[in-house]
Structures are given as structure tokens and as C-alpha cells.
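Below is the file my_file_10.json, which contains JSON, C-alpha atoms.
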```
[["chain", "number", "residue", "atom", "x", "y", "z"],
["A", 353, "MET", "CA", 7.79, -2.06, 27.97],
["A", 354, "ALA", "CA", 10.31, 0.39, 26.60],
["A", 355, "LEU", "CA", 9.21, 3.48, 24.73],
["A", 356, "GLN", "CA", 11.10, 2.30, 21.64],
["A", 357, "ALA", "CA", 9.09, -0.93, 21.57],
["A", 358, "ILE", "CA", 5.83, 0.99, 21.95],
["A", 359, "ALA", "CA", 6.79, 3.31, 19.09],
["A", 360, "PHE", "CA", 7.73, 0.29, 16.97],
["A", 361, "TYR", "CA", 4.34, -1.39, 17.43],
["A", 362, "ILE", "CA", 2.46, 1.85, 16.76],
["A", 363, "LEU", "CA", 4.42, 2.58, 13.57],
["A", 364, "ALA", "CA", 4.18, -1.04, 12.41],
["A", 365, "ALA", "CA", 0.41, -1.05, 12.91],
["A", 366, "ALA", "CA", 0.14, 2.28, 11.08],
["A", 367, "THR", "CA", 2.20, 0.93, 8.18],
["A", 368, "LEU", "CA", 0.11, -2.22, 7.85],
["A", 369, "GLY", "CA", -3.17, -0.32, 8.19],
["A", 370, "ALA", "CA", -2.21, 2.31, 5.63],
["A", 371, "GLY", "CA", -0.99, -0.38, 3.22],
["A", 372, "LEU", "CA", -4.30, -2.23, 3.55],
["A", 373, "LEU", "CA", -6.25, 0.97, 2.91],
["A", 374, "VAL", "CA", -4.17, 1.64, -0.22],
["A", 375, "ILE", "CA", -5.57, -1.44, -1.94],
["A", 376, "THR", "CA", -9.09, -1.27, -0.48],
["A", 377, "ALA", "CA", -9.92, 2.43, -0.97],
["A", 378, "ARG", "CA", -12.34, 3.08, -3.83],
["A", 379, "ASN", "CA", -11.10, 6.58, -4.53],
["A", 380, "PRO", "CA", -7.64, 6.50, -6.19],
["A", 381, "VAL", "CA", -6.73, 9.86, -4.65],
["A", 382, "HIS", "CA", -7.39, 8.43, -1.20],
["A", 383, "SER", "CA", -5.22, 5.43, -2.10],
["A", 384, "VAL", "CA", -2.29, 7.71, -2.89],
["A", 385, "LEU", "CA", -2.79, 9.62, 0.38],
["A", 386, "PHE", "CA", -2.79, 6.35, 2.34],
["A", 387, "LEU", "CA", 0.38, 5.37, 0.44],
["A", 388, "ILE", "CA", 2.05, 8.57, 1.63],
["A", 389, "ALA", "CA", 0.99, 7.75, 5.20],
["A", 390, "ALA", "CA", 2.49, 4.26, 4.85],
["A", 391, "PHE", "CA", 5.78, 5.76, 3.63],
["A", 392, "PHE", "CA", 5.93, 8.12, 6.62],
["A", 393, "ALA", "CA", 5.28, 5.27, 9.05],
["A", 394, "ALA", "CA", 7.95, 3.12, 7.37],
["A", 395, "ALA", "CA", 10.38, 6.05, 7.63],
["A", 396, "GLY", "CA", 9.69, 6.15, 11.35],
["A", 397, "LEU", "CA", 10.58, 2.45, 11.57],
["A", 398, "PHE", "CA", 13.88, 3.15, 9.82],
["A", 399, "VAL", "CA", 14.63, 5.88, 12.37],
["A", 400, "LEU", "CA", 14.02, 3.42, 15.20],
["A", 401, "LEU", "CA", 16.46, 0.99, 13.56],
["A", 402, "GLY", "CA", 19.14, 3.69, 13.37],
["A", 403, "ALA", "CA", 18.97, 4.03, 9.57],
["A", 404, "GLU", "CA", 18.36, 7.77, 9.38],
["A", 405, "PHE", "CA", 19.64, 8.01, 5.82],
["A", 406, "LEU", "CA", 17.15, 5.43, 4.55],
["A", 407, "ALA", "CA", 14.36, 7.23, 6.39],
["A", 408, "MET", "CA", 15.32, 10.51, 4.74],
["A", 409, "ILE", "CA", 15.50, 8.88, 1.31],
["A", 410, "LEU", "CA", 12.09, 7.30, 1.84],
["A", 411, "VAL", "CA", 10.53, 10.66, 2.70],
["A", 412, "VAL", "CA", 12.35, 12.75, 0.08],
["A", 413, "VAL", "CA", 12.18, 10.34, -2.86],
["A", 414, "TYR", "CA", 9.02, 8.32, -2.32],
["A", 415, "VAL", "CA", 6.85, 10.86, -0.51],
["A", 416, "GLY", "CA", 8.24, 14.02, -2.05],
["A", 417, "ALA", "CA", 8.53, 12.74, -5.61],
["A", 418, "VAL", "CA", 6.93, 9.41, -6.43],
["A", 419, "ALA", "CA", 3.79, 9.60, -4.28],
["A", 420, "VAL", "CA", 3.13, 13.27, -5.13],
["A", 421, "LEU", "CA", 3.71, 12.45, -8.80],
["A", 422, "PHE", "CA", 1.14, 9.65, -8.58],
["A", 423, "LEU", "CA", -1.28, 12.03, -6.88],
["A", 424, "PHE", "CA", -1.00, 14.69, -9.58],
["A", 425, "VAL", "CA", -1.25, 12.11, -12.37],
["A", 426, "VAL", "CA", -4.38, 10.58, -10.85],
["A", 427, "MET", "CA", -5.97, 13.98, -10.29],
["A", 428, "MET", "CA", -5.15, 15.48, -13.72],
["A", 429, "LEU", "CA", -5.64, 12.49, -16.01],
["A", 430, "ASP", "CA", -9.17, 11.82, -17.17],
["A", 431, "VAL", "CA", -9.17, 8.10, -16.35],
["A", 432, "ASP", "CA", -12.36, 6.04, -16.46],
["A", 433, "PHE", "CA", -11.97, 4.13, -13.19],
["A", 434, "SER", "CA", -15.28, 2.31, -13.62],
["A", 435, "ALA", "CA", -13.85, 0.62, -16.72],
["A", 436, "LEU", "CA", -10.70, -0.30, -14.81],
["A", 437, "ARG", "CA", -12.71, -1.90, -12.00],
["A", 438, "ALA", "CA", -14.78, -3.92, -14.49],
["A", 439, "GLY", "CA", -12.03, -6.52, -14.91],
["A", 440, "PHE", "CA", -11.18, -6.76, -11.21],
["A", 441, "SER", "CA", -13.04, -10.01, -10.58],
["A", 442, "ARG", "CA", -11.52, -11.58, -13.69],
["A", 443, "TYR", "CA", -7.94, -11.02, -12.50],
["A", 444, "LEU", "CA", -8.65, -11.68, -8.82],
["A", 445, "PRO", "CA", -7.50, -15.37, -8.90],
["A", 446, "VAL", "CA", -4.20, -14.43, -10.53],
["A", 447, "GLY", "CA", -3.67, -11.67, -7.98],
["A", 448, "ALA", "CA", -4.44, -14.08, -5.13],
["A", 449, "VAL", "CA", -1.87, -16.58, -6.44],
["A", 450, "VAL", "CA", 0.81, -13.88, -6.75],
["A", 451, "ALA", "CA", 0.01, -12.55, -3.26],
["A", 452, "THR", "CA", 0.24, -16.07, -1.80],
["A", 453, "ILE", "CA", 3.64, -16.62, -3.41],
["A", 454, "LEU", "CA", 4.93, -13.31, -2.03],
["A", 455, "VAL", "CA", 3.67, -14.14, 1.48],
["A", 456, "VAL", "CA", 5.34, -17.58, 1.39],
["A", 457, "GLU", "CA", 8.61, -16.02, 0.21],
["A", 458, "MET", "CA", 8.57, -13.36, 2.95],
["A", 459, "VAL", "CA", 7.84, -15.95, 5.64],
["A", 460, "ALA", "CA", 10.64, -18.21, 4.34],
["A", 461, "VAL", "CA", 13.12, -15.31, 4.33],
["A", 462, "SER", "CA", 12.07, -14.20, 7.83],
["A", 463, "VAL", "CA", 12.44, -17.73, 9.23],
["A", 464, "GLY", "CA", 15.84, -18.16, 7.56],
["A", 465, "VAL", "CA", 17.14, -14.85, 8.94],
["A", 466, "ALA", "CA", 15.83, -15.69, 12.42],
["A", 467, "GLN", "CA", 17.48, -19.11, 12.37],
["A", 468, "ARG", "CA", 20.82, -17.73, 11.23],
["A", 469, "GLY", "CA", 20.65, -15.03, 13.88],
["A", 470, "ALA", "CA", 19.89, -17.57, 16.60],
["A", 471, "ALA", "CA", 22.74, -19.83, 15.45],
["A", 472, "ALA", "CA", 25.26, -16.99, 15.35],
["A", 473, "GLY", "CA", 24.23, -15.67, 18.73],
["A", 474, "ALA", "CA", 23.65, -12.12, 19.81],
["A", 475, "THR", "CA", 27.14, -10.72, 19.35],
["A", 476, "PRO", "CA", 27.29, -6.96, 19.87],
["A", 477, "LEU", "CA", 28.73, -4.91, 17.04],
["A", 478, "ALA", "CA", 32.00, -3.16, 17.53],
["A", 479, "PRO", "CA", 31.60, 0.58, 18.00],
["A", 480, "THR", "CA", 32.60, 2.64, 15.00],
["A", 481, "SER", "CA", 32.89, 6.33, 14.27],
["A", 482, "VAL", "CA", 31.38, 5.98, 10.79],
["A", 483, "THR", "CA", 27.80, 7.23, 10.63],
["A", 484, "ASN", "CA", 24.98, 5.45, 8.86],
["A", 485, "ALA", "CA", 24.85, 8.00, 6.04],
["A", 486, "GLU", "CA", 28.62, 7.85, 5.52],
["A", 487, "ALA", "CA", 28.67, 4.05, 5.38],
["A", 488, "ILE", "CA", 25.85, 3.95, 2.80],
["A", 489, "GLY", "CA", 27.52, 6.72, 0.80],
["A", 490, "ARG", "CA", 30.76, 4.74, 0.58],
["A", 491, "VAL", "CA", 28.85, 1.78, -0.86],
["A", 492, "LEU", "CA", 26.62, 3.77, -3.23],
["A", 493, "TYR", "CA", 29.28, 6.06, -4.66],
["A", 494, "THR", "CA", 32.10, 3.52, -4.97],
["A", 495, "ASP", "CA", 30.81, 0.01, -5.74],
["A", 496, "TYR", "CA", 27.33, 0.77, -7.07],
["A", 497, "VAL", "CA", 27.68, 4.28, -8.44],
["A", 498, "TYR", "CA", 26.50, 3.36, -11.95],
["A", 499, "PHE", "CA", 23.43, 1.51, -10.64],
["A", 500, "PHE", "CA", 22.64, 4.53, -8.48],
["A", 501, "GLN", "CA", 22.84, 6.85, -11.49],
["A", 502, "ALA", "CA", 20.74, 4.46, -13.59],
["A", 503, "ALA", "CA", 18.02, 4.54, -10.91],
["A", 504, "GLY", "CA", 18.06, 8.35, -11.05],
["A", 505, "MET", "CA", 17.70, 8.30, -14.84],
["A", 506, "ILE", "CA", 14.74, 5.92, -14.58],
["A", 507, "LEU", "CA", 13.02, 8.28, -12.14],
["A", 508, "LEU", "CA", 13.72, 11.22, -14.47],
["A", 509, "VAL", "CA", 12.22, 9.40, -17.45],
["A", 510, "ALA", "CA", 9.18, 8.45, -15.36],
["A", 511, "MET", "CA", 8.67, 12.08, -14.35],
["A", 512, "ILE", "CA", 8.94, 13.27, -17.95],
["A", 513, "GLY", "CA", 6.49, 10.57, -19.06],
["A", 514, "ALA", "CA", 3.96, 11.65, -16.43],
["A", 515, "ILE", "CA", 4.27, 15.29, -17.54],
["A", 516, "VAL", "CA", 3.78, 14.30, -21.19],
["A", 517, "LEU", "CA", 0.65, 12.32, -20.28],
["A", 518, "THR", "CA", -0.87, 15.36, -18.59],
["A", 519, "LEU", "CA", -0.20, 17.63, -21.60],
["A", 520, "ARG", "CA", -2.92, 16.17, -23.79],
["A", 521, "HIS", "CA", -4.80, 18.62, -26.00],
["A", 522, "ARG", "CA", -8.51, 18.73, -25.31],
["A", 523, "ALA", "CA", -11.26, 20.40, -27.27],
["A", 524, "GLY", "CA", -12.56, 23.62, -25.76],
["A", 525, "VAL", "CA", -9.56, 24.11, -23.47],
["A", 526, "ARG", "CA", -7.33, 27.10, -24.19],
["A", 527, "ARG", "CA", -3.61, 26.42, -23.82],
["A", 528, "GLN", "CA", -0.67, 28.73, -23.50],
["A", 529, "SER", "CA", 1.66, 28.86, -26.51],
["A", 530, "ILE", "CA", 5.11, 30.11, -25.53],
["A", 531, "VAL", "CA", 6.24, 30.21, -29.18],
["A", 532, "ASP", "CA", 3.34, 32.47, -30.21],
["A", 533, "GLN", "CA", 3.93, 34.77, -27.25],
["A", 534, "THR", "CA", 7.64, 35.24, -27.90],
["A", 535, "ALA", "CA", 7.07, 35.72, -31.65],
["A", 536, "ARG", "CA", 4.40, 38.38, -31.08],
["A", 537, "THR", "CA", 5.28, 41.81, -32.52],
["A", 538, "PRO", "CA", 3.76, 45.23, -31.80],
["A", 539, "ALA", "CA", 2.37, 45.35, -35.34],
["A", 540, "ALA", "CA", 0.47, 42.10, -34.82],
["A", 541, "GLY", "CA", -0.63, 42.88, -31.26],
["A", 542, "MET", "CA", -1.75, 46.49, -31.61],
["A", 543, "ARG", "CA", -3.97, 48.45, -33.96],
["A", 544, "LEU", "CA", -3.80, 52.25, -34.05],
["A", 545, "VAL", "CA", -7.14, 53.95, -34.64],
["A", 546, "GLN", "CA", -7.73, 57.63, -35.23],
["A", 547, "ILE", "CA", -10.91, 58.68, -33.43],
["A", 548, "LYS", "CA", -12.54, 61.94, -34.39],
["A", 549, "SER", "CA", -13.90, 64.23, -31.75],
["A", 550, "GLY", "CA", -17.51, 63.47, -30.88],
["A", 551, "GLU", "CA", -17.51, 60.03, -32.50],
["A", 552, "GLY", "CA", -17.18, 56.65, -30.83],
["A", 553, "LEU", "CA", -15.20, 53.60, -31.87],
["A", 554, "ARG", "CA", -17.04, 51.16, -34.09],
["A", 555, "GLU", "CA", -15.96, 47.72, -35.22]]
```

Using C-alpha cells, write down the structure that the file contains.
Amino acid sequence: MALQAIAFYILAAATLGAGLLVITARNPVHSVLFLIAAFFAAAGLFVLLGAEFLAMILVVVYVGAVAVLFLFVVMMLDVDFSALRAGFSRYLPVGAVVATILVVEMVAVSVGVAQRGAAAGATPLAPTSVTNAEAIGRVLYTDYVYFFQAAGMILLVAMIGAIVLTLRHRAGVRRQSIVDQTARTPAAGMRLVQIKSGEGLRE
């Protein structure tokens, strides 16, 4: 068996295992860490397929931004996870139905692609000098440039929303006020006291 096939099976098993642990882990922080592991394994699969640009985007965007953002939100927000798990059994049948529909759709798509590939035959692609990143860039920045920019704006709004959620004011927690610091004057921040010789400073 070729080394590429061995790497494919290892990365595929790692992706499936990490994805299963994402939904079965009790600790939400552990779920996010397993999600990051699944993204890295999926990026390795893209590298094996020759899609280096997609692998880089998966690592930079999903691991470096989305997954880390989820991790910080989960760690900093005071979420009552016991209350969230209370309704798990109530929504389990609905989740099972949705999961079954998704599995049936993925199997149908896989069978259709396999049948079309078998009917067309294994025709080798003509060699080209255009790299994978250049070919995707031509599509993204010519035909779908506005959709690409809209996706970036959605991610920006999501990041701002997560930051706003973490900036809640809590009782007993001192917060930094940039406005008060910049408006501070020497007269308000200092008090000159004349101390006589032999006497201490009293309030």
C-alpha cells in the first residue's frame, strides 16, 4: 500500500474520531479542542488531494479564527451548561431525524458522483501550468468576488458580536475606562501636601 493511501486512512480516521468527540465530550472547552484537531486532519486530507490553498484556508480561517474565537467565548462567558443539557433528551428525536436526513443525502451524493465517474471513465487531466491557488483566485476574485467579500463581512460581524458578549459588566469586577484615563488631569490626580518637619502625614 502506498504511503499516500496510508496517510489518507490515518487522517480520515483522525477526522472522524475528532468529529465524534466534538459532540460527545462533556466539557465544551474539550469539544472546541477536538474541533481544532478535526480541522487540522481535514487540512491534511486537502493537502493529499493537491488542494493546498483550501488546506491553508481551513487552518488560517477555521483554526486560527473561528475555532479560537469559540474557545475564548466558551471560556470567558459565564454559561450555565447544566441548564443547556437539561433539554437534550427533549430535542434528541428531532436531532436524530435531521442527522438521518443528512446521512441519506451524503450517501446519495456519493453514489451519484461515483456512478458519473465510472460512466465517464478515468480520463487523465491535461497538464497545466496554473497552480491550485491561482485557479481558485481567478474564480473567487472574478466571478464570486462579492460573495467572497460578503463572507468576510459576516465573519467580521461575528467577531464583533463575540467581543461584545464578553464585555458584560459584572458586580465587583473593576474595569478599565479609557475615557477616564485620557481625561485625567494633574489637578485631579495629585494632591500637594505641605509636611512640617517632625510631623507625619495624616488623613

With distances taken over only C-alpha atoms, which residue among A:Val463, A:Val482, A:Leu355, A:Val425 lies nearest Gly513 in chain A? A:Val425

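We find CA of Leu507 in chain A and CA of Val418 in chain A to be spaced 8.4 Å apart.
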
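CA of Ala389 in chain A sits 11.8 Å away from CA of Ala364 in chain A.
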
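Taking CA of Ala540 in chain A as the reference point, CA of Ala523 in chain A is found at 25.8 Å.
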
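Proximity ranking of A:Phe500, A:Val426, A:Asn379, A:Arg543 relative to Ile488 in chain A places A:Phe500 first, based on all atoms listed in the file.
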
Identify, on the basis of only C-alpha atoms, every residue whose closest approach to Leu363 in chain A does not exceed 10 Å; exclude the query and any residue fewer than 4 positions from it along the same chain; express the result as a ChimeraX atom specification. /A:357-359,367-369,390,392-397,400

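Near Val381 in chain A, within 10 Å and counting only C-alpha atoms, sit Val374, Phe386, Leu387, Phe422, Leu423, Phe424, Val425, Val426 and Met427 of chain A, not including residues fewer than 5 positions from it in the same chain.
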
Specify the axis-aligned box that encloses all atoms of range 399-403 of chain A listed in the file after padding of 5 Å on each side, stating its centre and edge lengths in Å to one decimal as AutoDock Vina command-line options.
```
--center_x 16.6 --center_y 3.4 --center_z 12.4 --size_x 15.1 --size_y 14.9 --size_z 15.6
```

A:Ile388, A:Val459, A:Ala503, A:Ala354 ranked by distance to Ala370 in chain A, top pick (using all atoms listed in the file): A:Ile388

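Among the candidates A:Val545, A:Leu401, A:Ala539, A:Val491, the residue lying nearest to Gln356 in chain A is A:Leu401 (atoms considered: only C-alpha atoms).
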